[in-house]
Every structure is written in structure tokens, then in C-alpha cells.
>>> print(open('my_file-v2.pdb').read())   # PDB, C-alpha atoms
ATOM      1  CA  GLY A  32      77.228 112.918  94.411
ATOM      2  CA  THR A  33      78.059 112.449  98.090
ATOM      3  CA  LEU A  34      78.190 115.224 100.678
ATOM      4  CA  ASN A  35      81.674 115.570 102.118
ATOM      5  CA  ALA A  36      81.974 118.548 104.447
ATOM      6  CA  ASP A  37      85.520 117.746 105.555
ATOM      7  CA  TYR A  38      89.006 117.062 104.356
ATOM      8  CA  VAL A  39      90.437 113.815 105.686
ATOM      9  CA  THR A  40      93.943 112.476 106.152
ATOM     10  CA  ILE A  41      94.306 108.699 106.396
ATOM     11  CA  LEU A  42      96.644 107.963 109.281
ATOM     12  CA  ASP A  43      96.288 104.189 109.109
ATOM     13  CA  GLY A  44      94.388 101.733 106.913
ATOM     14  CA  TRP A  45      93.225 101.472 103.297
ATOM     15  CA  VAL A  46      90.128 102.967 101.649
ATOM     16  CA  ALA A  47      88.507 102.460  98.237
ATOM     17  CA  LEU A  48      86.960 105.492  96.526
ATOM     18  CA  TYR A  49      84.277 104.302  94.131
ATOM     19  CA  THR A  50      81.344 105.264  91.944
ATOM     20  CA  THR A  51      78.278 103.135  91.229
ATOM     21  CA  LEU A  52      76.897 103.314  87.703
ATOM     22  CA  GLU A  53      73.227 103.376  86.725
ATOM     23  CA  HIS A  54      73.142  99.630  85.997
ATOM     24  CA  GLY A  55      74.739  98.789  89.336
ATOM     25  CA  ALA A  56      78.346  98.234  88.284
ATOM     26  CA  CYS A  57      81.005  99.585  90.629
ATOM     27  CA  HIS A  58      84.215 101.278  89.533
ATOM     28  CA  ILE A  59      86.989 102.096  91.982
ATOM     29  CA  VAL A  60      88.464 105.445  90.954
ATOM     30  CA  ASP A  61      91.273 105.488  93.512
ATOM     31  CA  PHE A  62      92.586 103.999  96.723
ATOM     32  CA  GLY A  63      93.517 105.813  99.899
ATOM     33  CA  VAL A  64      96.545 104.547 101.822
ATOM     34  CA  PRO A  65      98.252 105.850 104.971
ATOM     35  CA  GLY A  66      99.226 109.450 104.212
ATOM     36  CA  SER A  67      96.525 110.087 101.605
ATOM     37  CA  PHE A  68      94.616 113.378 101.805
ATOM     38  CA  LEU A  69      90.989 113.106 100.671
ATOM     39  CA  GLY A  70      88.287 115.629  99.865
ATOM     40  CA  THR A  71      89.984 117.914  97.346
ATOM     41  CA  GLY A  72      87.577 116.902  94.565
ATOM     42  CA  ALA A  73      84.499 118.415  96.212
ATOM     43  CA  ASP A  74      82.599 121.302  94.668
ATOM     44  CA  ARG A  75      81.822 124.530  96.546
ATOM     45  CA  ASN A  76      78.896 122.806  98.283
ATOM     46  CA  GLY A  77      81.074 119.955  99.524
ATOM     47  CA  ILE A  78      79.707 117.393  97.045
ATOM     48  CA  VAL A  79      82.078 114.776  95.650
ATOM     49  CA  GLY A  80      81.407 112.404  92.770
ATOM     50  CA  HIS A  81      82.339 109.235  94.631
ATOM     51  CA  ALA A  82      81.782 107.357  97.878
ATOM     52  CA  ALA A  83      84.323 105.711 100.178
ATOM     53  CA  HIS A  84      84.567 102.173 101.544
ATOM     54  CA  CYS A  85      86.984 101.070 104.255
ATOM     55  CA  ILE A  86      88.947  98.034 103.077
ATOM     56  CA  THR A  87      90.601  97.720 106.498
ATOM     57  CA  PRO A  88      89.981  99.394 109.859
ATOM     58  CA  VAL A  89      90.967 103.015 109.324
ATOM     59  CA  GLN A  90      92.217 105.856 111.522
ATOM     60  CA  ILE A  91      91.780 109.361 110.110
ATOM     61  CA  CYS A  92      92.379 113.002 110.957
ATOM     62  CA  VAL A  93      89.392 115.211 110.089
ATOM     63  CA  PHE A  94      89.813 118.769 108.751
ATOM     64  CA  PRO A  95      86.496 120.713 108.680
ATOM     65  CA  ARG A  96      86.555 122.745 105.467
ATOM     66  CA  LYS A  97      85.629 126.041 107.102
ATOM     67  CA  ARG A  98      88.266 125.667 109.822
ATOM     68  CA  PHE A  99      90.849 124.598 107.260
ATOM     69  CA  ASP A 100      90.116 127.676 105.141
ATOM     70  CA  GLU A 101      90.546 129.890 108.195
ATOM     71  CA  LEU A 102      93.817 128.165 109.059
ATOM     72  CA  GLY A 103      95.023 128.820 105.517
ATOM     73  CA  PHE A 104      95.091 132.568 106.196
ATOM     74  CA  ALA A 105      97.382 132.005 109.190
ATOM     75  CA  PHE A 106      99.539 129.396 107.432
ATOM     76  CA  PRO A 107      99.739 130.262 103.699
ATOM     77  CA  GLY A 108     101.997 127.271 103.143
ATOM     78  CA  LEU A 109      99.012 125.009 103.765
ATOM     79  CA  ILE A 110      97.206 126.464 100.753
ATOM     80  CA  ALA A 111     100.261 125.879  98.580
ATOM     81  CA  ARG A 112     100.406 122.334  99.936
ATOM     82  CA  LEU A 113      96.715 121.811  99.157
ATOM     83  CA  LEU A 114      97.285 122.949  95.567
ATOM     84  CA  HIS A 115     100.164 120.484  95.330
ATOM     85  CA  VAL A 116      97.965 117.652  96.605
ATOM     86  CA  THR A 117      95.227 118.581  94.123
ATOM     87  CA  GLY A 118      97.801 118.437  91.335
ATOM     88  CA  CYS A 119      98.964 115.039  92.616
ATOM     89  CA  HIS A 120      95.421 113.707  92.430
ATOM     90  CA  GLU A 121      94.968 115.056  88.921
ATOM     91  CA  THR A 122      98.212 113.451  87.768
ATOM     92  CA  ARG A 123      97.217 110.127  89.285
ATOM     93  CA  GLY A 124      93.785 110.336  87.664
ATOM     94  CA  HIS A 125      95.399 110.840  84.248
ATOM     95  CA  ASP A 126      97.711 107.920  84.928
ATOM     96  CA  HIS A 127      94.756 105.686  85.799
ATOM     97  CA  MET A 128      92.979 106.589  82.549
ATOM     98  CA  ILE A 129      96.098 105.723  80.566
ATOM     99  CA  ASN A 130      96.517 102.480  82.483
ATOM    100  CA  ILE A 131      92.970 101.299  81.721
ATOM    101  CA  SER A 132      92.788 102.477  78.127
ATOM    102  CA  CYS A 133      96.285 101.791  76.793
ATOM    103  CA  ARG A 134      97.693  98.779  78.678
ATOM    104  CA  ASN A 135      96.849  95.088  78.519
ATOM    105  CA  ALA A 136      95.630  93.198  81.595
ATOM    106  CA  ARG A 137      99.116  92.093  82.686
ATOM    107  CA  GLU A 138     100.465  95.634  82.469
ATOM    108  CA  ARG A 139      97.408  97.117  84.215
ATOM    109  CA  VAL A 140      97.671  94.772  87.176
ATOM    110  CA  VAL A 141     101.417  95.248  87.572
ATOM    111  CA  HIS A 142     101.102  99.035  87.294
ATOM    112  CA  LEU A 143      98.431  99.155  90.000
ATOM    113  CA  LEU A 144     100.368  96.870  92.340
ATOM    114  CA  LEU A 145     103.495  98.953  91.931
ATOM    115  CA  GLU A 146     101.669 102.264  92.289
ATOM    116  CA  LEU A 147     100.105 101.171  95.566
ATOM    117  CA  TYR A 148     103.391  99.743  96.817
ATOM    118  CA  TYR A 149     105.086 103.071  96.089
ATOM    119  CA  ARG A 150     102.347 105.120  97.729
ATOM    120  CA  ALA A 151     102.260 102.919 100.834
ATOM    121  CA  TYR A 152     106.027 102.598 101.336
ATOM    122  CA  ARG A 153     107.376 105.760  99.618
ATOM    123  CA  ARG A 154     109.884 103.816  97.561
ATOM    124  CA  LEU A 155     110.200 101.365  94.705
ATOM    125  CA  PRO A 156     110.871  97.714  95.608
ATOM    126  CA  ASP A 157     114.482  96.591  95.391
ATOM    127  CA  SER A 158     114.671  93.315  97.330
ATOM    128  CA  PRO A 159     113.714  90.061  95.527
ATOM    129  CA  GLY A 160     111.409  88.007  97.715
ATOM    130  CA  GLU A 161     110.227  90.964  99.802
ATOM    131  CA  LYS A 162     106.777  90.419 101.364
ATOM    132  CA  VAL A 163     104.490  93.286 102.408
ATOM    133  CA  PRO A 164     100.894  93.489 103.660
ATOM    134  CA  PHE A 165      98.425  94.066 100.816
ATOM    135  CA  PRO A 166      94.734  94.106 101.808
ATOM    136  CA  LEU A 167      93.080  94.269  98.363
ATOM    137  CA  ARG A 168      90.933  91.399  97.140
ATOM    138  CA  LEU A 169      90.622  90.308  93.517
ATOM    139  CA  ASP A 170      87.383  92.244  93.118
ATOM    140  CA  HIS A 171      89.044  95.458  94.338
ATOM    141  CA  ILE A 172      91.740  95.084  91.687
ATOM    142  CA  GLY A 173      89.200  94.188  89.017
ATOM    143  CA  ASP A 174      86.877  97.108  89.873
ATOM    144  CA  ALA A 175      89.819  99.510  89.636
ATOM    145  CA  LEU A 176      91.059  98.167  86.293
ATOM    146  CA  GLY A 177      87.894  97.237  84.395
ATOM    147  CA  LEU A 178      88.647  93.515  84.667
ATOM    148  CA  THR A 179      86.668  90.588  86.035
ATOM    149  CA  GLY A 180      87.858  88.800  89.152
ATOM    150  CA  VAL A 181      88.537  85.712  87.037
ATOM    151  CA  HIS A 182      90.722  87.725  84.653
ATOM    152  CA  VAL A 183      92.635  89.247  87.568
ATOM    153  CA  SER A 184      93.173  85.797  89.070
ATOM    154  CA  ARG A 185      94.513  84.406  85.796
ATOM    155  CA  THR A 186      96.781  87.424  85.347
ATOM    156  CA  LEU A 187      98.224  87.092  88.848
ATOM    157  CA  LYS A 188      98.805  83.372  88.263
ATOM    158  CA  LEU A 189     100.712  84.216  85.062
ATOM    159  CA  LEU A 190     102.806  86.840  86.868
ATOM    160  CA  ARG A 191     103.714  84.333  89.571
ATOM    161  CA  GLU A 192     104.654  81.700  86.975
ATOM    162  CA  GLN A 193     106.833  84.314  85.243
ATOM    163  CA  GLY A 194     108.573  85.041  88.553
ATOM    164  CA  VAL A 195     107.479  88.687  88.733
ATOM    165  CA  VAL A 196     105.119  89.033  91.683
ATOM    166  CA  GLY A 197     102.866  86.908  93.862
ATOM    167  CA  LEU A 198      99.699  87.735  95.787
ATOM    168  CA  ASN A 199      98.736  85.259  98.492
ATOM    169  CA  GLY A 200      95.855  86.183 100.763
ATOM    170  CA  ARG A 201      96.625  89.627 102.155
ATOM    171  CA  GLN A 202     100.332  89.529 101.325
ATOM    172  CA  LEU A 203     102.184  90.792  98.260
ATOM    173  CA  GLN A 204     105.521  89.184  97.399
ATOM    174  CA  ILE A 205     107.908  90.997  95.078
ATOM    175  CA  LEU A 206     109.744  88.239  93.216
ATOM    176  CA  ASP A 207     111.569  90.338  90.592
ATOM    177  CA  PRO A 208     111.587  94.089  91.391
ATOM    178  CA  ALA A 209     113.285  95.115  88.145
ATOM    179  CA  ALA A 210     110.782  93.189  86.015
ATOM    180  CA  LEU A 211     107.911  94.657  88.012
ATOM    181  CA  VAL A 212     109.049  98.218  87.308
ATOM    182  CA  ARG A 213     109.780  97.462  83.657
ATOM    183  CA  ILE A 214     106.398  95.857  82.934
ATOM    184  CA  ALA A 215     104.521  98.617  84.747
ATOM    185  CA  GLY A 216     106.202 101.388  82.769
ATOM    186  CA  PHE A 217     106.467 103.130  86.108
ATOM    187  CA  GLU A 218     108.555 106.287  86.518
ATOM    188  CA  CYS A 219     109.347 107.552  89.995
ATOM    189  CA  PRO A 220     109.005 111.307  89.223
ATOM    190  CA  ILE A 221     105.492 110.668  87.897
ATOM    191  CA  ALA A 222     104.743 108.372  90.799
ATOM    192  CA  ASP A 223     105.786 110.906  93.442
ATOM    193  CA  TYR A 224     102.197 112.107  93.669
ATOM    194  CA  ASP A 225     101.099 110.870  97.031
ATOM    195  CA  THR A 226     103.711 111.849  99.604
ATOM    196  CA  GLU A 227     101.004 114.264 100.569
ATOM    197  CA  THR A 228     100.210 114.997 104.133
ATOM    198  CA  GLN A 229     103.023 115.220 106.646
ATOM    199  CA  ASP A 230     102.694 119.022 106.815
ATOM    200  CA  PHE A 231      98.919 118.784 107.168
ATOM    201  CA  ASP A 232      99.190 116.341 110.051
ATOM    202  CA  ARG A 233     101.593 118.466 112.067
ATOM    203  CA  ASN A 234      99.604 121.687 111.688
ATOM    204  CA  ALA A 235      96.329 119.868 112.286
ATOM    205  CA  TYR A 236      97.306 118.523 115.692
ATOM    206  CA  GLU A 237      98.704 121.893 116.705
ATOM    207  CA  ASN A 238      95.412 123.589 115.802
ATOM    208  CA  GLY A 239      92.847 121.273 117.310
ATOM    209  CA  PHE A 240      91.719 119.024 114.464
ATOM    210  CA  ASP A 241      90.366 115.642 115.449
ATOM    211  CA  ARG A 242      91.479 112.066 114.996
ATOM    212  CA  ALA A 243      88.761 109.537 114.314
ATOM    213  CA  SER A 244      88.451 105.846 113.564
ATOM    214  CA  ALA A 245      86.242 104.014 111.089
ATOM    215  CA  ILE A 246      85.590 100.336 110.571
TER     216      ILE A 246
END
>>> encode(input="my_file-v2.pdb", output="C-alpha cells")
Amino acid sequence: GTLNADYVTILDGWVALYTTLEHGACHIVDFGVPGSFLGTGADRNGIVGHAAHCITPVQICVFPRKRFDELGFAFPGLIARLLHVTGCHETRGHDHMINISCRNARERVVHLLLELYYRAYRRLPDSPGEKVPFPLRLDHIGDALGLTGVHVSRTLKLLREQGVVGLNGRQLQILDPAALVRIAGFECPIADYDTETQDFDRNAYENGFDRASAI
């Protein structure tokens, strides 16, 4: 595991949370986007079962665990919020297992693209032709879905030819929002598991927690 003595809110940027297997293969277990709250999976010694890699330059707010626990006594709502975030992470973890084990490559890719769109922009797409920044490379998508980069590339080419979605460089284009949602099997109530940290941010700045940047 990796020692993680703090909770962290991502204020800006994207992060990959990953594990490296014994034979060297990497699997991305989750992505952090602006608003994500990280560190809830640590044990009592602050050890987590994954590492983190910055996909883009990242700005974070750091919550030392001890200070956060003390703040929880003064603001009980923070503890309730932390339990909610932990439940969000558990729900998303279950969803990822279902995505990898029960969907074909086309459905996996579409589901991941839509999940990340929803988490980053707090809504489902509704405008054909909409273009949004999307910093993931093919290997990020493949490592998250158990697919090779070649398979991801072929799947994205098929989705573009079908008029569903396009990925060009660091830009995602939503060609057919309704088809995207339908193929992904994506339900908004289930997806509402990462509007996590506005309350944390406000209380953090009022109580002396620190912003930091990482490259």
C-alpha cells in the first residue's frame, strides 16, 4: 500500500488512481476530477491500496487527517458528508466492476466517457456537437477498462463512424447525446456519486487548511 496521511480535495486538474500488479501491469481503479475528495479508502494507519498520478497539472486542498477529525467534533455535518462521500466511492467502485465484467468494449468505453463527463460537468450532455476538454490518453482508458490501447482506438473509431462520440487529441466531442446515454446504460441517480466536496472546501478555508499544487 501507499502511505496517505491526508484527505485531499481536487480543486483543478485530473488524477489517475492506480495499482501495479506483481507482473508489472497497471490498472486504473478510478479518476479524480475537479471536486473529487480522495483519501477515504485508507486504513487506520493511513495506508491506501493505490497510488496517484497527475494526468494534468493539479491544484488541491489538503486536509490532515488528525485536524479533520478534530474539526468533525465542531462541525458534525462534515462527518455525515464524509460518510456520504465514502458511500459515493463504494457505489462507483461497484459500477466499475459491473462495467468491466458485464459490458462489451463499446459499452465500457462509452460508459467511462459519460461517467467522467458527468463528474466533471455535473450534468448529462444534451447538445449534439458539444466539445469539452478531455485529458485522458488511450492508455488511460485502456488501463481503466482492461483493454489494450489498440482496442480502445478501434472502439473510438467505431463510435465516431456511428455518430456517437469523437475523441480528438485532448478534446471530447459529443455527437449524439441520447445515443451516448443509451449505450452506456447510464442512470443519473446512480451517477450522482461525485458531487462531493463543496461543503468540505468552504469549511476547510475557514479553518486553515492548505491549498497546494502538483505537476
>>> closest_residue(input="my_file-v2.pdb", among="A:Lys162, A:His182, A:Arg191, A:Arg153", to="Arg139 of chain A", atoms="all atoms listed in the file")
A:His182
>>> resolve_selection(input="my_file-v2.pdb", expression="the PyMOL selection byres ((chain A and resi 145) around 8)", output="list in words")
Val141, His142, Leu143, Leu144, Glu146, Leu147, Tyr148, Tyr149, Leu155, Leu211, Val212, Ala215 and Phe217 of chain A
>>> residues_near_point(input="my_file-v2.pdb", point="(106.0, 84.9, 89.8)", cutoff="12 Å", atoms="all atoms listed in the file", output="PDB file with C-alpha atoms, in the frame of the given file")
ATOM      1  CA  VAL A 141     101.417  95.248  87.572  1.00  0.00           C
ATOM      2  CA  PRO A 159     113.714  90.061  95.527  1.00  0.00           C
ATOM      3  CA  GLY A 160     111.409  88.007  97.715  1.00  0.00           C
ATOM      4  CA  THR A 186      96.781  87.424  85.347  1.00  0.00           C
ATOM      5  CA  LEU A 187      98.224  87.092  88.848  1.00  0.00           C
ATOM      6  CA  LYS A 188      98.805  83.372  88.263  1.00  0.00           C
ATOM      7  CA  LEU A 189     100.712  84.216  85.062  1.00  0.00           C
ATOM      8  CA  LEU A 190     102.806  86.840  86.868  1.00  0.00           C
ATOM      9  CA  ARG A 191     103.714  84.333  89.571  1.00  0.00           C
ATOM     10  CA  GLU A 192     104.654  81.700  86.975  1.00  0.00           C
ATOM     11  CA  GLN A 193     106.833  84.314  85.243  1.00  0.00           C
ATOM     12  CA  GLY A 194     108.573  85.041  88.553  1.00  0.00           C
ATOM     13  CA  VAL A 195     107.479  88.687  88.733  1.00  0.00           C
ATOM     14  CA  VAL A 196     105.119  89.033  91.683  1.00  0.00           C
ATOM     15  CA  GLY A 197     102.866  86.908  93.862  1.00  0.00           C
ATOM     16  CA  LEU A 198      99.699  87.735  95.787  1.00  0.00           C
ATOM     17  CA  ASN A 199      98.736  85.259  98.492  1.00  0.00           C
ATOM     18  CA  LEU A 203     102.184  90.792  98.260  1.00  0.00           C
ATOM     19  CA  GLN A 204     105.521  89.184  97.399  1.00  0.00           C
ATOM     20  CA  ILE A 205     107.908  90.997  95.078  1.00  0.00           C
ATOM     21  CA  LEU A 206     109.744  88.239  93.216  1.00  0.00           C
ATOM     22  CA  ASP A 207     111.569  90.338  90.592  1.00  0.00           C
ATOM     23  CA  PRO A 208     111.587  94.089  91.391  1.00  0.00           C
ATOM     24  CA  ALA A 210     110.782  93.189  86.015  1.00  0.00           C
ATOM     25  CA  LEU A 211     107.911  94.657  88.012  1.00  0.00           C
TER      26      LEU A 211
END
>>> closest_residue(input="my_file-v2.pdb", among="A:Met128, A:Val79, A:Ile86, A:Ala175", to="Tyr38 of chain A", atoms="only C-alpha atoms")
A:Val79
>>> atom_distance(input="my_file-v2.pdb", atom1="atom CA of His81 of chain A", atom2="atom CA of Gly200 of chain A")
27.4 Å
>>> resolve_selection(input="my_file-v2.pdb", expression="the PyMOL selection byres ((chain A and resi 53-63) around 9)", output="MDAnalysis selection string")
chainID A and resid 41 44:52 64:69 81 123:124 127 147 171:177
>>> write_last_selection(input="my_file-v2.pdb", atoms="C-alpha atoms", output="compact mmCIF listing (two decimals), in the frame of the given file")
# COMPACT_ATOMS: atom_id res chain seq x y z
CA ILE A 41 94.31 108.70 106.40
CA GLY A 44 94.39 101.73 106.91
CA TRP A 45 93.22 101.47 103.30
CA VAL A 46 90.13 102.97 101.65
CA ALA A 47 88.51 102.46 98.24
CA LEU A 48 86.96 105.49 96.53
CA TYR A 49 84.28 104.30 94.13
CA THR A 50 81.34 105.26 91.94
CA THR A 51 78.28 103.14 91.23
CA LEU A 52 76.90 103.31 87.70
CA VAL A 64 96.54 104.55 101.82
CA PRO A 65 98.25 105.85 104.97
CA GLY A 66 99.23 109.45 104.21
CA SER A 67 96.52 110.09 101.60
CA PHE A 68 94.62 113.38 101.80
CA LEU A 69 90.99 113.11 100.67
CA HIS A 81 82.34 109.24 94.63
CA ARG A 123 97.22 110.13 89.28
CA GLY A 124 93.78 110.34 87.66
CA HIS A 127 94.76 105.69 85.80
CA LEU A 147 100.10 101.17 95.57
CA HIS A 171 89.04 95.46 94.34
CA ILE A 172 91.74 95.08 91.69
CA GLY A 173 89.20 94.19 89.02
CA ASP A 174 86.88 97.11 89.87
CA ALA A 175 89.82 99.51 89.64
CA LEU A 176 91.06 98.17 86.29
CA GLY A 177 87.89 97.24 84.40
>>> atom_distance(input="my_file-v2.pdb", atom1="atom CA of Asn135 of chain A", atom2="atom CA of Ala209 of chain A")
19.0 Å
>>> closest_residue(input="my_file-v2.pdb", among="A:Gly70, A:Gly180, A:Pro156, A:Gly118", to="Phe94 of chain A", atoms="all atoms listed in the file")
A:Gly70
>>> closest_residue(input="my_file-v2.pdb", among="A:Pro95, A:Thr40, A:Thr71, A:Ala83", to="Leu113 of chain A", atoms="all atoms listed in the file")
A:Thr71
>>> closest_residue(input="my_file-v2.pdb", among="A:Gln202, A:Val93, A:Leu109, A:Asp37", to="Glu161 of chain A", atoms="all atoms listed in the file")
A:Gln202
>>> atom_distance(input="my_file-v2.pdb", atom1="atom CA of Cys85 of chain A", atom2="atom CA of Val39 of chain A")
13.3 Å
>>> axis_aligned_box(input="my_file-v2.pdb", around="segment 60-67 of chain A", padding_each_side="8 Å", output="JSON")
{"center_x": 93.8, "center_y": 107.0, "center_z": 98.0, "size_x": 26.8, "size_y": 22.1, "size_z": 30.0}
>>> decode(input="my_file-v2.pdb", residues="segment 125-153 of chain A", atoms="C-alpha atoms", output="CSV table (one decimal), in the first residue's frame")
chain,number,residue,atom,x,y,z
A,125,HIS,CA,-19.4,-1.4,-7.8
A,126,ASP,CA,-20.3,0.3,-11.1
A,127,HIS,CA,-16.7,0.0,-12.4
A,128,MET,CA,-16.7,-3.8,-11.6
A,129,ILE,CA,-20.0,-4.2,-13.5
A,130,ASN,CA,-18.7,-2.1,-16.4
A,131,ILE,CA,-15.6,-4.3,-16.8
A,132,SER,CA,-17.2,-7.7,-16.2
A,133,CYS,CA,-20.6,-7.4,-17.9
A,134,ARG,CA,-20.2,-4.9,-20.8
A,135,ASN,CA,-18.5,-5.3,-24.2
A,136,ALA,CA,-15.7,-2.9,-25.2
A,137,ARG,CA,-18.0,-0.4,-26.9
A,138,GLU,CA,-20.3,-0.2,-23.9
A,139,ARG,CA,-17.3,0.0,-21.5
A,140,VAL,CA,-15.7,2.9,-23.3
A,141,VAL,CA,-19.0,4.9,-23.7
A,142,HIS,CA,-19.9,4.3,-20.0
A,143,LEU,CA,-16.5,5.6,-18.8
A,144,LEU,CA,-16.6,8.7,-21.1
A,145,LEU,CA,-20.1,9.5,-19.9
A,146,GLU,CA,-19.3,8.9,-16.3
A,147,LEU,CA,-16.3,11.3,-16.4
A,148,TYR,CA,-18.3,13.9,-18.4
A,149,TYR,CA,-21.0,13.8,-15.7
A,150,ARG,CA,-18.5,14.0,-12.8
A,151,ALA,CA,-16.6,16.9,-14.4
A,152,TYR,CA,-19.6,18.9,-15.5
A,153,ARG,CA,-22.3,17.8,-13.1
